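Asks: Quick one, entry13.cif (mmCIF, C-alpha atoms):
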data_data
loop_
_atom_site.group_PDB
_atom_site.id
_atom_site.type_symbol
_atom_site.label_atom_id
_atom_site.label_comp_id
_atom_site.auth_asym_id
_atom_site.auth_seq_id
_atom_site.Cartn_x
_atom_site.Cartn_y
_atom_site.Cartn_z
ATOM 1 C CA MET Q 1 206.487 77.800 170.250
ATOM 2 C CA THR Q 2 203.943 75.560 168.566
ATOM 3 C CA VAL Q 3 204.461 75.170 164.847
ATOM 4 C CA ARG Q 4 202.378 72.764 162.849
ATOM 5 C CA ALA Q 5 204.152 70.106 160.819
ATOM 6 C CA LEU Q 6 204.519 70.954 157.159
ATOM 7 C CA TYR Q 7 203.886 68.312 154.524
ATOM 8 C CA LEU Q 8 205.323 67.728 151.106
ATOM 9 C CA GLU Q 9 202.411 69.640 149.582
ATOM 10 C CA ASP Q 10 203.349 72.760 151.573
ATOM 11 C CA LEU Q 11 206.848 72.995 150.093
ATOM 12 C CA THR Q 12 207.692 74.513 146.717
ATOM 13 C CA VAL Q 13 210.795 74.840 144.579
ATOM 14 C CA GLY Q 14 212.231 78.283 145.191
ATOM 15 C CA ASP Q 15 211.190 78.516 148.840
ATOM 16 C CA VAL Q 16 214.071 80.140 150.740
ATOM 17 C CA TRP Q 17 214.916 80.430 154.427
ATOM 18 C CA GLU Q 18 217.719 82.510 155.855
ATOM 19 C CA GLY Q 19 219.380 81.015 158.943
ATOM 20 C CA GLY Q 20 222.021 82.100 161.417
ATOM 21 C CA PRO Q 21 223.828 84.119 162.517
ATOM 22 C CA VAL Q 22 226.039 81.391 164.015
ATOM 23 C CA THR Q 23 229.143 82.710 165.750
ATOM 24 C CA VAL Q 24 232.021 80.216 165.883
ATOM 25 C CA THR Q 25 234.402 80.416 168.826
ATOM 26 C CA GLU Q 26 237.888 78.958 169.225
ATOM 27 C CA ALA Q 27 236.639 76.946 172.202
ATOM 28 C CA ASP Q 28 233.873 75.418 170.059
ATOM 29 C CA ILE Q 29 236.326 74.571 167.291
ATOM 30 C CA VAL Q 30 238.760 72.897 169.678
ATOM 31 C CA ARG Q 31 236.028 71.043 171.583
ATOM 32 C CA PHE Q 32 234.587 69.515 168.416
ATOM 33 C CA ALA Q 33 238.058 68.641 167.143
ATOM 34 C CA GLU Q 34 239.088 66.949 170.397
ATOM 35 C CA LYS Q 35 236.103 64.667 170.058
ATOM 36 C CA PHE Q 36 235.833 64.087 166.313
ATOM 37 C CA ASP Q 37 238.761 65.502 164.324
ATOM 38 C CA PRO Q 38 241.878 65.778 166.494
ATOM 39 C CA GLN Q 39 244.295 67.188 163.945
ATOM 40 C CA PRO Q 40 246.722 70.028 164.785
ATOM 41 C CA MET Q 41 245.066 72.442 162.320
ATOM 42 C CA HIS Q 42 241.816 72.189 164.331
ATOM 43 C CA LEU Q 43 243.331 71.897 167.817
ATOM 44 C CA ASP Q 44 246.464 73.892 168.273
ATOM 45 C CA PRO Q 45 246.743 77.585 167.366
ATOM 46 C CA SER Q 46 250.542 77.416 167.169
ATOM 47 C CA ALA Q 47 250.660 74.268 165.033
ATOM 48 C CA ALA Q 48 247.977 75.591 162.730
ATOM 49 C CA GLN Q 49 249.551 79.001 162.426
ATOM 50 C CA GLY Q 50 251.919 78.263 159.572
ATOM 51 C CA ARG Q 51 249.351 77.373 157.005
ATOM 52 C CA PHE Q 52 246.101 78.934 158.149
ATOM 53 C CA GLY Q 53 247.119 81.645 160.618
ATOM 54 C CA GLY Q 54 245.348 79.907 163.514
ATOM 55 C CA VAL Q 55 242.992 77.023 164.087
ATOM 56 C CA ILE Q 56 240.291 76.343 161.540
ATOM 57 C CA ALA Q 57 237.083 74.441 162.190
ATOM 58 C CA SER Q 58 236.730 70.838 161.104
ATOM 59 C CA GLY Q 59 234.558 70.723 158.011
ATOM 60 C CA TRP Q 60 232.294 68.260 159.803
ATOM 61 C CA HIS Q 61 231.919 70.756 162.623
ATOM 62 C CA VAL Q 62 230.630 73.340 160.158
ATOM 63 C CA ALA Q 63 228.192 70.747 158.797
ATOM 64 C CA ALA Q 64 226.998 70.012 162.333
ATOM 65 C CA LEU Q 65 226.456 73.731 162.991
ATOM 66 C CA VAL Q 66 224.337 73.924 159.838
ATOM 67 C CA MET Q 67 222.246 71.023 161.139
ATOM 68 C CA ARG Q 68 221.775 72.706 164.500
ATOM 69 C CA ASP Q 69 220.621 75.903 162.862
ATOM 70 C CA PHE Q 70 218.260 73.876 160.638
ATOM 71 C CA VAL Q 71 216.596 72.361 163.714
ATOM 72 C CA ASP Q 72 216.419 75.740 165.460
ATOM 73 C CA GLN Q 73 214.909 77.534 162.460
ATOM 74 C CA LYS Q 74 212.161 74.912 162.003
ATOM 75 C CA PRO Q 75 211.553 75.701 158.330
ATOM 76 C CA PHE Q 76 209.305 72.631 158.096
ATOM 77 C CA GLY Q 77 207.572 73.281 161.404
ATOM 78 C CA ASP Q 78 207.443 70.188 163.567
ATOM 79 C CA THR Q 79 208.146 67.767 160.707
ATOM 80 C CA PRO Q 80 211.223 65.687 161.560
ATOM 81 C CA LEU Q 81 214.243 66.497 159.401
ATOM 82 C CA LEU Q 82 215.362 63.081 158.209
ATOM 83 C CA GLY Q 83 218.334 63.342 155.885
ATOM 84 C CA LEU Q 84 218.690 60.749 153.142
ATOM 85 C CA SER Q 85 221.660 61.974 151.170
ATOM 86 C CA VAL Q 86 224.109 64.774 150.454
ATOM 87 C CA ASP Q 87 225.759 65.745 147.189
ATOM 88 C CA GLN Q 88 228.075 68.435 145.915
ATOM 89 C CA LEU Q 89 229.328 69.304 149.380
ATOM 90 C CA TYR Q 90 232.210 71.774 149.105
ATOM 91 C CA TRP Q 91 234.319 73.246 151.867
ATOM 92 C CA LEU Q 92 235.381 76.433 150.113
ATOM 93 C CA GLN Q 93 236.790 78.674 152.821
ATOM 94 C CA PRO Q 94 238.247 77.897 156.244
ATOM 95 C CA VAL Q 95 235.974 78.744 159.173
ATOM 96 C CA ARG Q 96 237.961 80.523 161.875
ATOM 97 C CA PRO Q 97 237.349 81.671 165.450
ATOM 98 C CA GLY Q 98 235.102 84.723 165.436
ATOM 99 C CA ASP Q 99 233.521 83.954 162.099
ATOM 100 C CA ILE Q 100 229.810 84.686 161.917
ATOM 101 C CA LEU Q 101 227.993 82.353 159.560
ATOM 102 C CA SER Q 102 224.693 82.838 157.824
ATOM 103 C CA ILE Q 103 222.966 79.918 156.173
ATOM 104 C CA ARG Q 104 220.658 80.143 153.202
ATOM 105 C CA ARG Q 105 218.381 77.174 152.450
ATOM 106 C CA GLU Q 106 216.614 76.947 149.139
ATOM 107 C CA ILE Q 107 214.356 74.184 147.896
ATOM 108 C CA VAL Q 108 215.605 73.030 144.504
ATOM 109 C CA ALA Q 109 213.436 69.932 144.012
ATOM 110 C CA VAL Q 110 210.291 68.356 145.463
ATOM 111 C CA ALA Q 111 209.316 64.794 144.530
ATOM 112 C CA ARG Q 112 206.681 62.373 145.750
ATOM 113 C CA SER Q 113 207.796 58.791 146.186
ATOM 114 C CA ARG Q 114 206.354 56.506 143.520
ATOM 115 C CA SER Q 115 206.554 53.380 145.633
ATOM 116 C CA LYS Q 116 205.449 55.020 148.907
ATOM 117 C CA PRO Q 117 202.991 57.857 148.100
ATOM 118 C CA ASP Q 118 202.635 58.769 151.784
ATOM 119 C CA ARG Q 119 206.035 60.488 151.574
ATOM 120 C CA GLY Q 120 208.414 62.265 149.302
ATOM 121 C CA THR Q 121 211.694 64.109 149.205
ATOM 122 C CA VAL Q 122 212.764 67.711 149.228
ATOM 123 C CA GLN Q 123 216.189 68.647 147.950
ATOM 124 C CA MET Q 124 217.646 71.784 149.480
ATOM 125 C CA ARG Q 125 220.710 73.763 148.575
ATOM 126 C CA MET Q 126 222.468 74.885 151.727
ATOM 127 C CA THR Q 127 224.863 77.819 151.396
ATOM 128 C CA VAL Q 128 227.004 78.910 154.338
ATOM 129 C CA THR Q 129 228.403 82.420 154.067
ATOM 130 C CA ASN Q 130 230.797 84.170 156.447
ATOM 131 C CA GLN Q 131 230.784 87.805 157.569
ATOM 132 C CA ARG Q 132 232.913 88.762 154.547
ATOM 133 C CA ASP Q 133 230.252 87.374 152.184
ATOM 134 C CA GLU Q 134 232.523 84.487 151.239
ATOM 135 C CA VAL Q 135 230.828 81.126 150.743
ATOM 136 C CA ALA Q 136 232.499 78.844 153.290
ATOM 137 C CA MET Q 137 230.536 75.703 152.493
ATOM 138 C CA SER Q 138 227.681 74.571 150.302
ATOM 139 C CA PHE Q 139 225.851 71.331 149.705
ATOM 140 C CA LEU Q 140 222.696 69.706 148.437
ATOM 141 C CA ASN Q 141 220.694 67.863 151.079
ATOM 142 C CA LEU Q 142 217.908 65.419 150.257
ATOM 143 C CA ILE Q 143 215.367 65.176 153.072
ATOM 144 C CA GLN Q 144 212.425 62.833 153.506
ATOM 145 C CA VAL Q 145 209.137 64.623 154.120
ATOM 146 C CA PRO Q 146 205.733 63.058 154.807
ATOM 147 C CA ALA Q 147 202.872 63.753 152.428
ATOM 148 C CA ALA Q 148 199.677 65.229 153.822
ATOM 149 C CA PRO Q 149 197.402 62.506 155.194
ATOM 150 C CA PRO Q 150 194.418 61.754 152.944
ATOM 151 C CA PRO Q 151 191.019 63.069 154.131
ATOM 152 C CA SER Q 152 189.548 60.820 156.791
ATOM 153 C CA ARG Q 153 186.891 58.432 155.506
ATOM 154 C CA GLU Q 154 184.697 59.157 158.500
ATOM 155 C CA ASN Q 155 184.527 62.805 157.495
ATOM 156 C CA SER Q 156 183.952 62.274 153.817
ATOM 157 C CA MET M 1 253.769 56.354 167.277
ATOM 158 C CA THR M 2 255.850 58.020 164.584
ATOM 159 C CA VAL M 3 254.474 57.642 161.083
ATOM 160 C CA ARG M 4 256.001 59.496 158.207
ATOM 161 C CA ALA M 5 253.786 61.694 156.100
ATOM 162 C CA LEU M 6 252.613 60.071 152.901
ATOM 163 C CA TYR M 7 252.579 62.036 149.679
ATOM 164 C CA LEU M 8 250.393 61.897 146.619
ATOM 165 C CA GLU M 9 252.937 59.597 144.954
ATOM 166 C CA ASP M 10 252.536 57.038 147.748
ATOM 167 C CA LEU M 11 248.789 56.585 147.173
ATOM 168 C CA THR M 12 247.261 54.379 144.500
ATOM 169 C CA VAL M 13 243.774 53.647 143.242
ATOM 170 C CA GLY M 14 242.600 50.468 144.924
ATOM 171 C CA ASP M 15 244.436 51.036 148.197
ATOM 172 C CA VAL M 16 242.106 49.962 151.004
ATOM 173 C CA TRP M 17 242.128 50.524 154.747
ATOM 174 C CA GLU M 18 239.750 48.899 157.191
ATOM 175 C CA GLY M 19 238.816 51.089 160.167
ATOM 176 C CA GLY M 20 236.819 50.663 163.335
ATOM 177 C CA PRO M 21 235.349 48.993 165.256
ATOM 178 C CA VAL M 22 233.454 52.033 166.544
ATOM 179 C CA THR M 23 230.850 51.223 169.184
ATOM 180 C CA VAL M 24 228.026 53.756 169.395
ATOM 181 C CA THR M 25 226.365 54.287 172.762
ATOM 182 C CA GLU M 26 223.025 55.886 173.587
ATOM 183 C CA ALA M 27 224.849 58.473 175.691
ATOM 184 C CA ASP M 28 227.024 59.404 172.693
ATOM 185 C CA ILE M 29 223.983 59.679 170.425
ATOM 186 C CA VAL M 30 222.109 61.910 172.864
ATOM 187 C CA ARG M 31 225.163 64.079 173.635
ATOM 188 C CA PHE M 32 225.797 64.809 169.957
ATOM 189 C CA ALA M 33 222.113 65.460 169.342
ATOM 190 C CA GLU M 34 221.800 67.860 172.266
ATOM 191 C CA LYS M 35 224.588 69.941 170.773
ATOM 192 C CA PHE M 36 223.975 69.661 167.037
ATOM 193 C CA ASP M 37 220.718 67.913 166.122
ATOM 194 C CA PRO M 38 218.172 68.215 168.950
ATOM 195 C CA GLN M 39 215.291 66.311 167.380
ATOM 196 C CA PRO M 40 213.192 63.803 169.360
ATOM 197 C CA MET M 41 214.323 60.859 167.195
ATOM 198 C CA HIS M 42 217.929 61.485 168.323
ATOM 199 C CA LEU M 43 217.229 62.575 171.897
ATOM 200 C CA ASP M 44 214.328 60.815 173.481
ATOM 201 C CA PRO M 45 213.955 57.015 173.517
ATOM 202 C CA SER M 46 210.198 57.222 174.145
ATOM 203 C CA ALA M 47 209.509 59.817 171.451
ATOM 204 C CA ALA M 48 211.646 57.961 168.934
ATOM 205 C CA GLN M 49 210.139 54.595 169.754
ATOM 206 C CA GLY M 50 207.164 54.714 167.415
ATOM 207 C CA ARG M 51 209.076 54.959 164.211
ATOM 208 C CA PHE M 52 212.534 53.615 164.926
ATOM 209 C CA GLY M 53 212.175 51.570 168.102
ATOM 210 C CA GLY M 54 214.505 53.839 170.071
ATOM 211 C CA VAL M 55 216.851 56.735 169.437
ATOM 212 C CA ILE M 56 218.887 56.765 166.255
ATOM 213 C CA ALA M 57 222.107 58.680 165.720
ATOM 214 C CA SER M 58 222.115 61.945 163.805
ATOM 215 C CA GLY M 59 223.534 61.295 160.365
ATOM 216 C CA TRP M 60 226.067 64.046 161.000
ATOM 217 C CA HIS M 61 227.144 62.228 164.152
ATOM 218 C CA VAL M 62 227.906 59.129 162.106
ATOM 219 C CA ALA M 63 229.910 61.289 159.700
ATOM 220 C CA ALA M 64 231.842 62.775 162.619
ATOM 221 C CA LEU M 65 232.603 59.277 163.946
ATOM 222 C CA VAL M 66 233.972 58.327 160.519
ATOM 223 C CA MET M 67 236.227 61.385 160.638
ATOM 224 C CA ARG M 68 237.489 60.487 164.102
ATOM 225 C CA ASP M 69 238.338 56.980 163.008
ATOM 226 C CA PHE M 70 240.087 58.395 159.916
ATOM 227 C CA VAL M 71 242.346 60.522 162.114
ATOM 228 C CA ASP M 72 242.994 57.619 164.490
ATOM 229 C CA GLN M 73 243.830 55.153 161.714
ATOM 230 C CA LYS M 74 246.330 57.546 160.088
ATOM 231 C CA PRO M 75 246.128 55.930 156.647
ATOM 232 C CA PHE M 76 248.190 58.800 155.220
ATOM 233 C CA GLY M 77 250.632 58.854 158.130
ATOM 234 C CA ASP M 78 251.191 62.348 159.447
ATOM 235 C CA THR M 79 249.817 64.077 156.358
ATOM 236 C CA PRO M 80 246.952 66.384 157.377
ATOM 237 C CA LEU M 81 243.553 65.201 156.187
ATOM 238 C CA LEU M 82 242.102 68.293 154.538
ATOM 239 C CA GLY M 83 238.683 67.592 153.066
ATOM 240 C CA LEU M 84 237.651 69.513 149.964
ATOM 241 C CA SER M 85 234.352 67.957 149.036
ATOM 242 C CA VAL M 86 231.867 65.125 149.534
ATOM 243 C CA ASP M 87 229.551 63.497 147.013
ATOM 244 C CA GLN M 88 227.083 60.633 146.918
ATOM 245 C CA LEU M 89 226.665 60.603 150.693
ATOM 246 C CA TYR M 90 223.852 58.207 151.619
ATOM 247 C CA TRP M 91 222.445 57.452 155.046
ATOM 248 C CA LEU M 92 221.097 53.984 154.342
ATOM 249 C CA GLN M 93 220.389 52.442 157.729
ATOM 250 C CA PRO M 94 219.717 53.997 161.123
ATOM 251 C CA VAL M 95 222.621 53.783 163.588
ATOM 252 C CA ARG M 96 221.342 52.702 166.998
ATOM 253 C CA PRO M 97 222.750 52.374 170.515
ATOM 254 C CA GLY M 98 225.020 49.345 170.679
ATOM 255 C CA ASP M 99 225.798 49.305 166.965
ATOM 256 C CA ILE M 100 229.385 48.454 166.136
ATOM 257 C CA LEU M 101 230.579 50.152 162.971
ATOM 258 C CA SER M 102 233.410 49.207 160.697
ATOM 259 C CA ILE M 103 234.652 51.627 158.085
ATOM 260 C CA ARG M 104 236.250 50.702 154.809
ATOM 261 C CA ARG M 105 238.221 53.351 152.932
ATOM 262 C CA GLU M 106 239.188 52.770 149.344
ATOM 263 C CA ILE M 107 241.029 55.128 147.036
ATOM 264 C CA VAL M 108 239.027 55.514 143.828
ATOM 265 C CA ALA M 109 240.958 58.381 142.183
ATOM 266 C CA VAL M 110 244.307 60.154 142.499
ATOM 267 C CA ALA M 111 244.961 63.382 140.594
ATOM 268 C CA ARG M 112 247.756 65.943 140.624
ATOM 269 C CA SER M 113 246.686 69.571 140.484
ATOM 270 C CA ARG M 114 247.453 71.162 137.116
ATOM 271 C CA SER M 115 247.646 74.684 138.481
ATOM 272 C CA LYS M 116 249.490 73.782 141.714
ATOM 273 C CA PRO M 117 251.756 70.771 141.041
ATOM 274 C CA ASP M 118 252.962 70.696 144.667
ATOM 275 C CA ARG M 119 249.647 69.064 145.601
ATOM 276 C CA GLY M 120 246.846 66.893 144.369
ATOM 277 C CA THR M 121 243.681 65.165 145.415
ATOM 278 C CA VAL M 122 242.728 61.690 146.488
ATOM 279 C CA GLN M 123 239.112 60.582 146.247
ATOM 280 C CA MET M 124 238.134 57.908 148.728
ATOM 281 C CA ARG M 125 234.994 55.851 148.993
ATOM 282 C CA MET M 126 234.014 55.513 152.640
ATOM 283 C CA THR M 127 231.687 52.649 153.506
ATOM 284 C CA VAL M 128 230.292 52.302 157.029
ATOM 285 C CA THR M 129 228.947 48.858 157.878
ATOM 286 C CA ASN M 130 227.196 47.747 161.052
ATOM 287 C CA GLN M 131 227.554 44.465 162.930
ATOM 288 C CA ARG M 132 224.842 42.889 160.750
ATOM 289 C CA ASP M 133 226.871 43.656 157.613
ATOM 290 C CA GLU M 134 224.367 46.302 156.559
ATOM 291 C CA VAL M 135 225.808 49.421 154.964
ATOM 292 C CA ALA M 136 224.688 52.251 157.239
ATOM 293 C CA MET M 137 226.356 55.107 155.335
ATOM 294 C CA SER M 138 228.602 55.633 152.375
ATOM 295 C CA PHE M 139 230.176 58.618 150.674
ATOM 296 C CA LEU M 140 232.925 59.838 148.400
ATOM 297 C CA ASN M 141 235.412 62.174 150.037
ATOM 298 C CA LEU M 142 237.878 64.297 148.084
ATOM 299 C CA ILE M 143 240.971 65.089 150.143
ATOM 300 C CA GLN M 144 243.882 67.395 149.374
ATOM 301 C CA VAL M 145 247.270 65.690 149.627
ATOM 302 C CA PRO M 146 250.710 67.277 149.160
ATOM 303 C CA ALA M 147 252.985 65.976 146.428
ATOM 304 C CA ALA M 148 256.445 64.765 147.369
ATOM 305 C CA PRO M 149 258.907 67.652 147.535
ATOM 306 C CA PRO M 150 261.265 67.778 144.555
ATOM 307 C CA PRO M 151 264.864 66.625 145.197
ATOM 308 C CA SER M 152 266.895 69.349 146.888
ATOM 309 C CA ARG M 153 269.166 71.286 144.526
ATOM 310 C CA GLU M 154 271.976 71.143 147.040
ATOM 311 C CA ASN M 155 271.961 67.367 146.907
ATOM 312 C CA SER M 156 271.660 67.023 143.145
#
Represent the structure contained in this file as structure tokens.
Replies:
Amino acid sequence: MTVRALYLEDLTVGDVWEGGPVTVTEADIVRFAEKFDPQPMHLDPSAAQGRFGGVIASGWHVAALVMRDFVDQKPFGDTPLLGLSVDQLYWLQPVRPGDILSIRREIVAVARSRSKPDRGTVQMRMTVTNQRDEVAMSFLNLIQVPAAPPPSRENS
Amino acid sequence: MTVRALYLEDLTVGDVWEGGPVTVTEADIVRFAEKFDPQPMHLDPSAAQGRFGGVIASGWHVAALVMRDFVDQKPFGDTPLLGLSVDQLYWLQPVRPGDILSIRREIVAVARSRSKPDRGTVQMRMTVTNQRDEVAMSFLNLIQVPAAPPPSRENS
């Protein structure tokens, strides 16, 4: 698939993309946890059972799945997705084996850099919802986006 | 290693733990990116070369490495580290192959839940510094921590 790169000028507050579905398996949860978050609640169904009724995904695993879906969906075409910051990230519901996540991305702000007018930022609200329509996670993500190149002098 | 679980009452604003060193390899960067952030700047040394002079780690990979170090360091003993939210997360410097990260964790707030007095929250400022003393990433992490159990009636 060839998708052209989108520039700052192509993106508007209120633009929305719907991502997913992302199905989360117990094997995925345990594999991520073994590498990055080896706590019993993410690793061991019996140890986790008391509190959560089974393993739950590391919150950072859910964030990583959102990133993967972002790359796959290519909402900005071939423009690299370079994250600058995150705010208001909430893990609201545990993500469990078998959960099917959908991810809504909405542009909430677009700003050109004052010091470097060849680029700007887009702030997106990411909302991760499970198959019961519960919001499992949400956050604001500020992403650097290039501005459209100025018209070539040779052509003007 | 046996470490007792720490409770909310054991944790104080200003407590600091120094974590790391975490050495980041190109293989680690590429492996994470293949799974969760398959963009050329994280995957392909030649494609990434123009802008960054080689591959750089996905920001979510750096976050996951901070989590792993948190679990390994056990600053709260055996108390589970259950993240509730993140704010003011900044990716300030690229993380490159060979970088050696240290991670400072400082408690900036401790609060008991009003509605559920058996628990509370600890807010920590996480600061990730590379071997050149540049801050590569920082964020505030709000973590749920159990309060100490009340004295048993049978013993009182």
Asks: Where does the PyMOL selection byres ((chain Q and resi 136) around 12) land in this file, that is, which residues does it pick, as a count of residues only?
Replies: 36
Asks: Please return, as an MDAnalysis selection string, all residues of chain M lying within 7 Å of chain Q when all atoms listed in the file are considered.
Replies: chainID M and resid 36:38 60 64:65 67:68 71 84:91
Asks: What's the 6 Å shell around Arg105 (chain Q), counting only C-alpha atoms, without same-chain residues fewer than 4 positions away, as JSON, numbers by chain?
Replies: {"Q": [16, 17, 125, 126]}
Asks: Kindly save the residues from that selection, with C-alpha atoms included, as a compact mmCIF listing (two decimals), keeping the file's coordinate frame.
Replies:
# COMPACT_ATOMS: atom_id res chain seq x y z
CA VAL Q 16 214.07 80.14 150.74
CA TRP Q 17 214.92 80.43 154.43
CA ARG Q 125 220.71 73.76 148.57
CA MET Q 126 222.47 74.89 151.73
Asks: If the PyMOL selection byres ((chain Q and resi 14) around 7) is run on the structure shown, which residues does it catch, given as a ChimeraX atom specification?
Replies: /Q:12-13,15-16,106-108
Asks: Please return, as number ranges by chain, all polymer residues that have at least one atom within 10 Å of the point (231.7, 54.0, 169.9); use all atoms listed in the file and the file's own coordinate frame.
Replies: M: 20-26, 28-29, 65, 97-101
Asks: Write the selection just made, keeping C-alpha atoms, as a PDB file, keeping the file's coordinate frame?
Replies:
ATOM      1  CA  GLY M  20     236.819  50.663 163.335  1.00  0.00           C
ATOM      2  CA  PRO M  21     235.349  48.993 165.256  1.00  0.00           C
ATOM      3  CA  VAL M  22     233.454  52.033 166.544  1.00  0.00           C
ATOM      4  CA  THR M  23     230.850  51.223 169.184  1.00  0.00           C
ATOM      5  CA  VAL M  24     228.026  53.756 169.395  1.00  0.00           C
ATOM      6  CA  THR M  25     226.365  54.287 172.762  1.00  0.00           C
ATOM      7  CA  GLU M  26     223.025  55.886 173.587  1.00  0.00           C
ATOM      8  CA  ASP M  28     227.024  59.404 172.693  1.00  0.00           C
ATOM      9  CA  ILE M  29     223.983  59.679 170.425  1.00  0.00           C
ATOM     10  CA  LEU M  65     232.603  59.277 163.946  1.00  0.00           C
ATOM     11  CA  PRO M  97     222.750  52.374 170.515  1.00  0.00           C
ATOM     12  CA  GLY M  98     225.020  49.345 170.679  1.00  0.00           C
ATOM     13  CA  ASP M  99     225.798  49.305 166.965  1.00  0.00           C
ATOM     14  CA  ILE M 100     229.385  48.454 166.136  1.00  0.00           C
ATOM     15  CA  LEU M 101     230.579  50.152 162.971  1.00  0.00           C
TER      16      LEU M 101
END
Asks: Have a look at CA of Arg51 (chain Q) and CA of Ala147 (chain M) and let me know their distance in Å, one decimal.
Replies: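 Result for CA of Arg51 (chain Q) versus CA of Ala147 (chain M): 16.0 Å, one decimal.
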Asks: Please list, as a list in words, the residues that have an atom at most 10 Å away from (208.3, 62.6, 157.0) in the coordinates of this file, counting only C-alpha atoms.
Replies: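 The answer, in the requested form, is Ala5, Leu6, Tyr7, Leu8, Thr79, Pro80, Leu81, Leu82, Asp118, Arg119, Gly120, Thr121, Ile143, Gln144, Val145, Pro146, Ala147 and Ala148 of chain Q.
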Asks: Please measure the separation of CA of Pro45 (chain M) and CA of Pro149 (chain Q), giving the value in Å to one decimal.
Replies: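 Taking CA of Pro45 (chain M) and CA of Pro149 (chain Q), their separation equals 25.3 Å.
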Asks: When you draw a straight line from CA of Ser113 (chain Q) to CA of Leu43 (chain M), how long is it in Å?
Replies: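 Going from CA of Ser113 (chain Q) over to CA of Leu43 (chain M) covers 27.6 Å.
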Asks: Please return the centre and edge lengths, in Å to one decimal, of a box with edges along x, y and z that contains all listed atoms of region 68-73 of chain M, widened by 8 Å on every side, as lines of an AutoDock Vina configuration file.
Replies:
center_x = 240.7
center_y = 57.8
center_z = 162.2
size_x = 22.3
size_y = 21.4
size_z = 20.6
